[in-house]
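Visitor: For reference, the structure I am asking about is given below.
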Amino acid sequence: MLNMCLCLDLVFTLSNPFYPASRRMKPYLLFSVVSTGVLMGIMEFNRARSCSASADIRSLYNSSSDLTNIVFALLLSIYIIIALYSCVYAMRRLSRPGVSSNVRWTFLRKHFLYVIVFIVVWTTFLAASYYHLFNPSKRLEKTSPVIDTVSTIASFSTGIFLTLIRLQEPYFKFLIKK
């Protein structure tokens, strides 16, 4: 959720650069906390309903994971659209006269890398969600452990990749040398 807000904040900042960023931060945090809480509540409600309806592990897995996979697929798809829009919008706004090419290139490179890595890493999770949603045989033993394993490893490694990108920024290089 916060990555989606980061991309939205870039669009808002480039469209209105003199609006204070501190005023936008509170709605972003509120949106992230509330939407995550609501989504977790929906998934927990669905899981609890499935537990009371059936004791069979296969039906429990299939019924509770469908809603979870739909939520994840929808949120990741929305993020991808917003992130790609923020990249195109940033390129368009920063290519105008008045912004030095060095600053433009540094900023765009960092944002593009951040977005691309996040999309690539979480696309594996999105693929796993789509696989579970549209798998014709929804029995537990027919799921692909390879897809699940790769998507889990990729989702847990997101922070490592994004930290490596963040370490390439000139300011962080300056802090490390200091």
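Please note that chains go A, B, ... in the order of the structure tokens, that every chain numbers its residues from 1, and that ligands are numbered from 1 in the order shown.
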Just the alpha helix (DSSP H) stuff from chain A, please, per backbone DSSP, written as a PyMOL selection string.

Guide: chain A and resi 2-15+21-53+57-94+101-134+145-156+158-166+170-177

Visitor: Show which residues sit within 12 Å of Ser77 of chain A, as a ChimeraX atom specification. Count only C-alpha atoms, and ignore same-chain residues fewer than 2 positions away.

Guide: /A:4,69-75,79-84,119,122-123,125-127,129-130

Visitor: Could you name the residues that touch Ala21 of chain A at 12 Å or less, counting only C-alpha atoms, but leaving out those on the same chain fewer than 3 positions away, as a count of residues only?

Guide: 15

Visitor: Wanna dump the segment 65-115 of chain A-segment 144-162 of chain A contacts at 12 Å for me, each residue with its shortest atom pair and the distance in Å to one decimal, counting only C-alpha atoms, ordered by chain and number, as JSON lines?

Guide:
{"residue": "A:Lys110", "atom": "CA", "partner": "A:Leu162", "partner_atom": "CA", "distance": 10.3}
{"residue": "A:His111", "atom": "CA", "partner": "A:Leu162", "partner_atom": "CA", "distance": 10.8}
{"residue": "A:Phe112", "atom": "CA", "partner": "A:Leu162", "partner_atom": "CA", "distance": 11.7}
{"residue": "A:Leu113", "atom": "CA", "partner": "A:Leu162", "partner_atom": "CA", "distance": 8.8}
{"residue": "A:Tyr114", "atom": "CA", "partner": "A:Leu162", "partner_atom": "CA", "distance": 6.5}
{"residue": "A:Val115", "atom": "CA", "partner": "A:Leu162", "partner_atom": "CA", "distance": 9.4}
